[in-house]
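Engineer: Sharing coords30.pdb (PDB, C-alpha atoms) below.
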```pdb
MODEL        1
ATOM      1  CA  MET A  12       3.135  32.224 -29.941
ATOM      2  CA  ALA A  13       5.885  30.888 -32.175
ATOM      3  CA  TYR A  14       9.376  32.299 -32.002
ATOM      4  CA  ASN A  15      10.750  33.336 -35.372
ATOM      5  CA  ARG A  16      14.162  31.759 -35.575
ATOM      6  CA  THR A  17      17.076  33.856 -36.760
ATOM      7  CA  ARG A  18      19.348  31.614 -38.793
ATOM      8  CA  ARG A  19      23.084  32.104 -39.049
ATOM      9  CA  SER A  20      22.716  32.487 -42.804
ATOM     10  CA  ASP A  21      20.260  35.372 -42.247
ATOM     11  CA  TRP A  22      22.732  37.009 -39.895
ATOM     12  CA  ILE A  23      25.507  36.810 -42.471
ATOM     13  CA  THR A  24      23.366  38.369 -45.207
ATOM     14  CA  ASN A  25      21.670  40.926 -42.927
ATOM     15  CA  PRO A  26      24.115  42.922 -40.799
ATOM     16  CA  ASP A  27      21.224  44.536 -38.897
ATOM     17  CA  THR A  28      20.428  41.220 -37.190
ATOM     18  CA  CYS A  29      21.235  41.373 -33.496
ATOM     19  CA  ALA A  30      23.987  38.978 -32.363
ATOM     20  CA  ILE A  31      22.127  38.309 -29.112
ATOM     21  CA  GLU A  32      19.014  37.369 -31.088
ATOM     22  CA  LEU A  33      21.105  34.950 -33.121
ATOM     23  CA  ALA A  34      22.585  33.366 -30.001
ATOM     24  CA  LEU A  35      19.192  33.040 -28.314
ATOM     25  CA  ALA A  36      17.682  31.502 -31.444
ATOM     26  CA  ALA A  37      20.456  28.899 -31.476
ATOM     27  CA  ILE A  38      19.861  27.769 -27.870
ATOM     28  CA  SER A  39      16.200  28.648 -27.320
ATOM     29  CA  GLY A  40      13.542  26.070 -26.810
ATOM     30  CA  LYS A  41      12.681  23.606 -24.099
ATOM     31  CA  TRP A  42      15.050  20.890 -25.285
ATOM     32  CA  LYS A  43      18.175  22.388 -26.876
ATOM     33  CA  LEU A  44      20.111  22.999 -23.680
ATOM     34  CA  ARG A  45      19.112  19.554 -22.420
ATOM     35  CA  ILE A  46      20.322  18.021 -25.686
ATOM     36  CA  TYR A  47      23.508  20.070 -25.376
ATOM     37  CA  ASP A  48      24.006  18.729 -21.844
ATOM     38  CA  VAL A  49      23.890  15.147 -23.157
ATOM     39  CA  LEU A  50      26.223  15.875 -26.082
ATOM     40  CA  ARG A  51      28.835  17.781 -24.085
ATOM     41  CA  LYS A  52      29.557  14.701 -21.984
ATOM     42  CA  GLY A  53      30.827  12.513 -24.829
ATOM     43  CA  GLU A  54      32.737  12.461 -28.098
ATOM     44  CA  THR A  55      29.917  11.095 -30.222
ATOM     45  CA  VAL A  56      26.469  10.204 -28.967
ATOM     46  CA  ARG A  57      23.975   7.921 -30.652
ATOM     47  CA  TYR A  58      20.440   9.112 -31.316
ATOM     48  CA  CYS A  59      18.957   6.398 -29.088
ATOM     49  CA  LEU A  60      21.075   7.531 -26.115
ATOM     50  CA  ILE A  61      19.895  11.130 -26.485
ATOM     51  CA  ASN A  62      16.316   9.892 -26.762
ATOM     52  CA  ASN A  63      16.707   7.717 -23.650
ATOM     53  CA  GLN A  64      18.333  10.517 -21.627
ATOM     54  CA  LEU A  65      15.434  12.853 -22.452
ATOM     55  CA  ALA A  66      12.570  10.532 -21.620
ATOM     56  CA  ASP A  67       9.767  13.099 -22.001
ATOM     57  CA  ILE A  68      10.657  14.245 -25.523
ATOM     58  CA  SER A  69       8.862  12.873 -28.578
ATOM     59  CA  GLU A  70      10.935  11.498 -31.452
ATOM     60  CA  LYS A  71       9.484  14.140 -33.771
ATOM     61  CA  THR A  72      10.509  16.971 -31.458
ATOM     62  CA  LEU A  73      13.958  15.498 -30.812
ATOM     63  CA  THR A  74      14.591  15.123 -34.530
ATOM     64  CA  ALA A  75      13.432  18.703 -35.197
ATOM     65  CA  GLN A  76      15.628  20.122 -32.422
ATOM     66  CA  LEU A  77      18.656  18.142 -33.608
ATOM     67  CA  ARG A  78      18.111  19.376 -37.181
ATOM     68  CA  GLU A  79      17.933  22.988 -36.015
ATOM     69  CA  MET A  80      21.121  22.553 -33.988
ATOM     70  CA  GLU A  81      22.788  21.021 -37.039
ATOM     71  CA  GLN A  82      21.624  23.908 -39.261
ATOM     72  CA  ASP A  83      22.996  26.383 -36.726
ATOM     73  CA  GLY A  84      26.386  24.648 -36.817
ATOM     74  CA  ILE A  85      26.266  23.505 -33.181
ATOM     75  CA  ILE A  86      26.324  19.771 -33.903
ATOM     76  CA  THR A  87      27.403  17.400 -36.629
ATOM     77  CA  ARG A  88      25.250  14.448 -37.687
ATOM     78  CA  ILE A  89      27.055  11.276 -38.727
ATOM     79  CA  VAL A  90      25.063   8.589 -40.549
ATOM     80  CA  TYR A  91      26.595   5.148 -40.950
ATOM     81  CA  PRO A  92      25.371   3.079 -43.932
ATOM     82  CA  GLU A  93      24.294   0.074 -41.891
ATOM     83  CA  VAL A  94      21.113  -1.879 -41.406
ATOM     84  CA  PRO A  95      19.553  -0.716 -39.166
ATOM     85  CA  PRO A  96      20.993   2.752 -39.738
ATOM     86  CA  ARG A  97      23.209   4.135 -36.996
ATOM     87  CA  VAL A  98      23.155   7.896 -36.422
ATOM     88  CA  GLU A  99      25.543   9.700 -34.118
ATOM     89  CA  TYR A 100      25.871  13.338 -33.126
ATOM     90  CA  GLN A 101      28.784  15.347 -31.844
ATOM     91  CA  LEU A 102      29.459  18.954 -30.988
ATOM     92  CA  THR A 103      31.269  21.093 -33.520
ATOM     93  CA  ALA A 104      33.928  23.587 -32.448
ATOM     94  CA  LEU A 105      31.175  26.209 -32.407
ATOM     95  CA  GLY A 106      29.055  23.937 -30.227
ATOM     96  CA  GLN A 107      31.946  23.328 -27.843
ATOM     97  CA  SER A 108      32.382  27.084 -27.524
ATOM     98  CA  LEU A 109      28.921  27.207 -25.908
ATOM     99  CA  GLN A 110      30.321  25.507 -22.791
ATOM    100  CA  ASN A 111      31.023  28.849 -21.083
ATOM    101  CA  VAL A 112      27.503  30.057 -21.877
ATOM    102  CA  PHE A 113      26.048  26.792 -20.574
ATOM    103  CA  ASP A 114      28.079  27.075 -17.363
ATOM    104  CA  ALA A 115      27.065  30.719 -16.901
ATOM    105  CA  LEU A 116      23.374  29.867 -17.354
ATOM    106  CA  THR A 117      23.712  26.983 -14.893
ATOM    107  CA  ASN A 118      25.381  29.215 -12.297
ATOM    108  CA  TRP A 119      22.763  31.937 -12.793
ATOM    109  CA  GLY A 120      19.976  29.386 -12.372
ATOM    110  CA  ILE A 121      21.503  28.052  -9.147
ATOM    111  CA  ALA A 122      21.910  31.597  -7.788
ATOM    112  CA  SER A 123      18.308  32.403  -8.723
ATOM    113  CA  ILE A 124      17.015  29.311  -6.925
ATOM    114  CA  GLU A 125      19.031  30.176  -3.820
ATOM    115  CA  ASN A 126      17.745  33.767  -3.956
ATOM    116  CA  LYS A 127      14.130  32.596  -4.170
ATOM    117  CA  LYS A 128      14.663  30.209  -1.236
ATOM    118  CA  ALA A 129      16.162  33.041   0.827
ATOM    119  CA  GLU A 130      13.214  35.321  -0.016
ATOM    120  CA  LYS A 131      10.780  32.574   0.980
ATOM    121  CA  ASP A 132      12.634  31.994   4.255
ATOM    122  CA  ASN A 133      12.639  35.737   5.011
ATOM    123  CA  ASN A 134       8.890  35.944   4.379
ATOM    124  CA  LEU A 135       8.297  33.104   6.864
ATOM    125  CA  LEU A 136      10.044  35.018   9.652
TER     126      LEU A 136
ENDMDL
END
```
As C-alpha cells, what does this structure read like?
Structural biologist:
Amino acid sequence: MAYNRTRRSDWITNPDTCAIELALAAISGKWKLRIYDVLRKGETVRYCLINNQLADISEKTLTAQLREMEQDGIITRIVYPEVPPRVEYQLTALGQSLQNVFDALTNWGIASIENKKAEKDNNLL
C-alpha cells in the first residue's frame, strides 16, 4: 500500500492538512532517517558517500528519496559543473531543525528495545 505524500506546498494551500501528517510525510520511508543521519554529521556530503554509507539502497531509491527531501526543503542539492559531475547535499535550516525530532526518535527506540528485553527476561523467570 503506497503512502500518499503530503507536500509542504499542499499544506500551505490547504489549511485543513494536519501538521503531523506533513511532518510524517517528510521523514517517512525506510531510508530518509538513515539519509538524515549521514547528512547531519557533515557540512556537505557527496552523493557517493551517502550511497556507500547506505550499502543496501539502490541508486534509484536513493535518488528518489533525496529528491523528496529536497522538495520538502530538508536538504539542498549542489551540482558542480565538472566532468564527471560532482553532486553534494547539505541540510537546510529546516533540515537542521529536525535534529531534536531525530534525537527523540532515537531515544524512544532505545527505550522500546530495553522495554522489550525486560519483558522477555520477565517471561523467562
Engineer: Interatomic distance between atom CA of Leu33 of chain A and atom CA of Val56 of chain A?
Structural biologist: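 Separating atom CA of Leu33 of chain A from atom CA of Val56 of chain A is a distance of 25.7 Å.
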Engineer: Run through the PyMOL selection byres ((chain A and resi 105-117) around 8) on the given coordinates and return the selected residues as a CSV table (one decimal) with C-alpha atoms, in the coordinates of the input.
Structural biologist:
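Once everything was written out, this is expr.csv:
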```
chain,number,residue,atom,x,y,z
A,44,LEU,CA,20.1,23.0,-23.7
A,51,ARG,CA,28.8,17.8,-24.1
A,84,GLY,CA,26.4,24.6,-36.8
A,85,ILE,CA,26.3,23.5,-33.2
A,86,ILE,CA,26.3,19.8,-33.9
A,102,LEU,CA,29.5,19.0,-31.0
A,103,THR,CA,31.3,21.1,-33.5
A,104,ALA,CA,33.9,23.6,-32.4
A,118,ASN,CA,25.4,29.2,-12.3
A,119,TRP,CA,22.8,31.9,-12.8
A,120,GLY,CA,20.0,29.4,-12.4
A,121,ILE,CA,21.5,28.1,-9.1
```
Engineer: Could you tell me how far atom CA of Tyr100 of chain A sits from atom CA of Cys29 of chain A, in Å to one decimal place?
Structural biologist: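 Taking atom CA of Cys29 of chain A as the start and atom CA of Tyr100 of chain A as the end point, the length is 28.4 Å.
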Engineer: Between A:Ala37, A:Ile46, A:Ile89, A:Ala30, which is the closest to Leu65 of chain A once you count all atoms listed in the file?
Structural biologist: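 Of the candidates, the smallest distance to Leu65 of chain A is held by A:Ile46.
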Engineer: Rounded to one decimal in Å, what is the spacing between atom CA of Leu60 of chain A and atom CA of Glu99 of chain A?
Structural biologist: 9.4 Å
Engineer: Excluding same-chain residues fewer than 3 positions from Thr72 of chain A, what lies within 12 Å of it counting all atoms listed in the file, as a VMD selection string?
Structural biologist: chain A and resid 40 to 43 46 62 65 to 69 75 to 79
Engineer: Would you mind completing segment 96-114 of chain A to N, CA, C and O atoms and writing the output as a tab-separated table (two decimals), keeping the file's coordinate frame?
Structural biologist:
```tsv
chain	number	residue	atom	x	y	z
A	96	PRO	N	20.09	1.60	-39.67
A	96	PRO	CA	20.99	2.75	-39.74
A	96	PRO	C	21.42	3.22	-38.35
A	96	PRO	O	20.64	3.20	-37.40
A	97	ARG	N	22.67	3.60	-38.25
A	97	ARG	CA	23.21	4.14	-37.00
A	97	ARG	C	23.49	5.61	-37.22
A	97	ARG	O	24.17	5.99	-38.18
A	98	VAL	N	22.97	6.45	-36.33
A	98	VAL	CA	23.16	7.90	-36.42
A	98	VAL	C	23.79	8.38	-35.13
A	98	VAL	O	23.33	8.04	-34.04
A	99	GLU	N	24.86	9.14	-35.27
A	99	GLU	CA	25.54	9.70	-34.12
A	99	GLU	C	25.66	11.21	-34.28
A	99	GLU	O	25.66	11.73	-35.39
A	100	TYR	N	25.74	11.88	-33.15
A	100	TYR	CA	25.87	13.34	-33.13
A	100	TYR	C	27.07	13.71	-32.28
A	100	TYR	O	27.40	13.02	-31.31
A	101	GLN	N	27.70	14.82	-32.66
A	101	GLN	CA	28.78	15.35	-31.84
A	101	GLN	C	28.79	16.87	-31.97
A	101	GLN	O	28.28	17.42	-32.94
A	102	LEU	N	29.36	17.50	-30.96
A	102	LEU	CA	29.46	18.95	-30.99
A	102	LEU	C	30.53	19.39	-31.97
A	102	LEU	O	31.59	18.76	-32.07
A	103	THR	N	30.26	20.46	-32.67
A	103	THR	CA	31.27	21.09	-33.52
A	103	THR	C	32.12	22.00	-32.63
A	103	THR	O	31.84	22.16	-31.43
A	104	ALA	N	33.12	22.62	-33.20
A	104	ALA	CA	33.93	23.59	-32.45
A	104	ALA	C	33.04	24.74	-31.96
A	104	ALA	O	33.18	25.21	-30.83
A	105	LEU	N	32.12	25.16	-32.80
A	105	LEU	CA	31.18	26.21	-32.41
A	105	LEU	C	30.30	25.74	-31.24
A	105	LEU	O	30.08	26.47	-30.28
A	106	GLY	N	29.85	24.50	-31.31
A	106	GLY	CA	29.06	23.94	-30.23
A	106	GLY	C	29.84	23.83	-28.94
A	106	GLY	O	29.33	24.11	-27.85
A	107	GLN	N	31.10	23.43	-29.03
A	107	GLN	CA	31.95	23.33	-27.84
A	107	GLN	C	32.18	24.69	-27.22
A	107	GLN	O	32.32	24.81	-26.00
A	108	SER	N	32.17	25.73	-28.05
A	108	SER	CA	32.38	27.08	-27.52
A	108	SER	C	31.20	27.56	-26.69
A	108	SER	O	31.31	28.56	-25.97
A	109	LEU	N	30.08	26.87	-26.74
A	109	LEU	CA	28.92	27.21	-25.91
A	109	LEU	C	29.09	26.77	-24.45
A	109	LEU	O	28.27	27.11	-23.61
A	110	GLN	N	30.14	26.02	-24.15
A	110	GLN	CA	30.32	25.51	-22.79
A	110	GLN	C	30.32	26.63	-21.75
A	110	GLN	O	29.69	26.50	-20.71
A	111	ASN	N	31.00	27.73	-22.03
A	111	ASN	CA	31.02	28.85	-21.08
A	111	ASN	C	29.64	29.46	-20.89
A	111	ASN	O	29.27	29.83	-19.78
A	112	VAL	N	28.87	29.55	-21.96
A	112	VAL	CA	27.50	30.06	-21.88
A	112	VAL	C	26.65	29.10	-21.05
A	112	VAL	O	25.89	29.53	-20.18
A	113	PHE	N	26.79	27.81	-21.31
A	113	PHE	CA	26.05	26.79	-20.57
A	113	PHE	C	26.38	26.86	-19.08
A	113	PHE	O	25.48	26.85	-18.23
A	114	ASP	N	27.66	26.97	-18.76
A	114	ASP	CA	28.08	27.08	-17.36
A	114	ASP	C	27.53	28.34	-16.71
A	114	ASP	O	27.07	28.31	-15.56
```
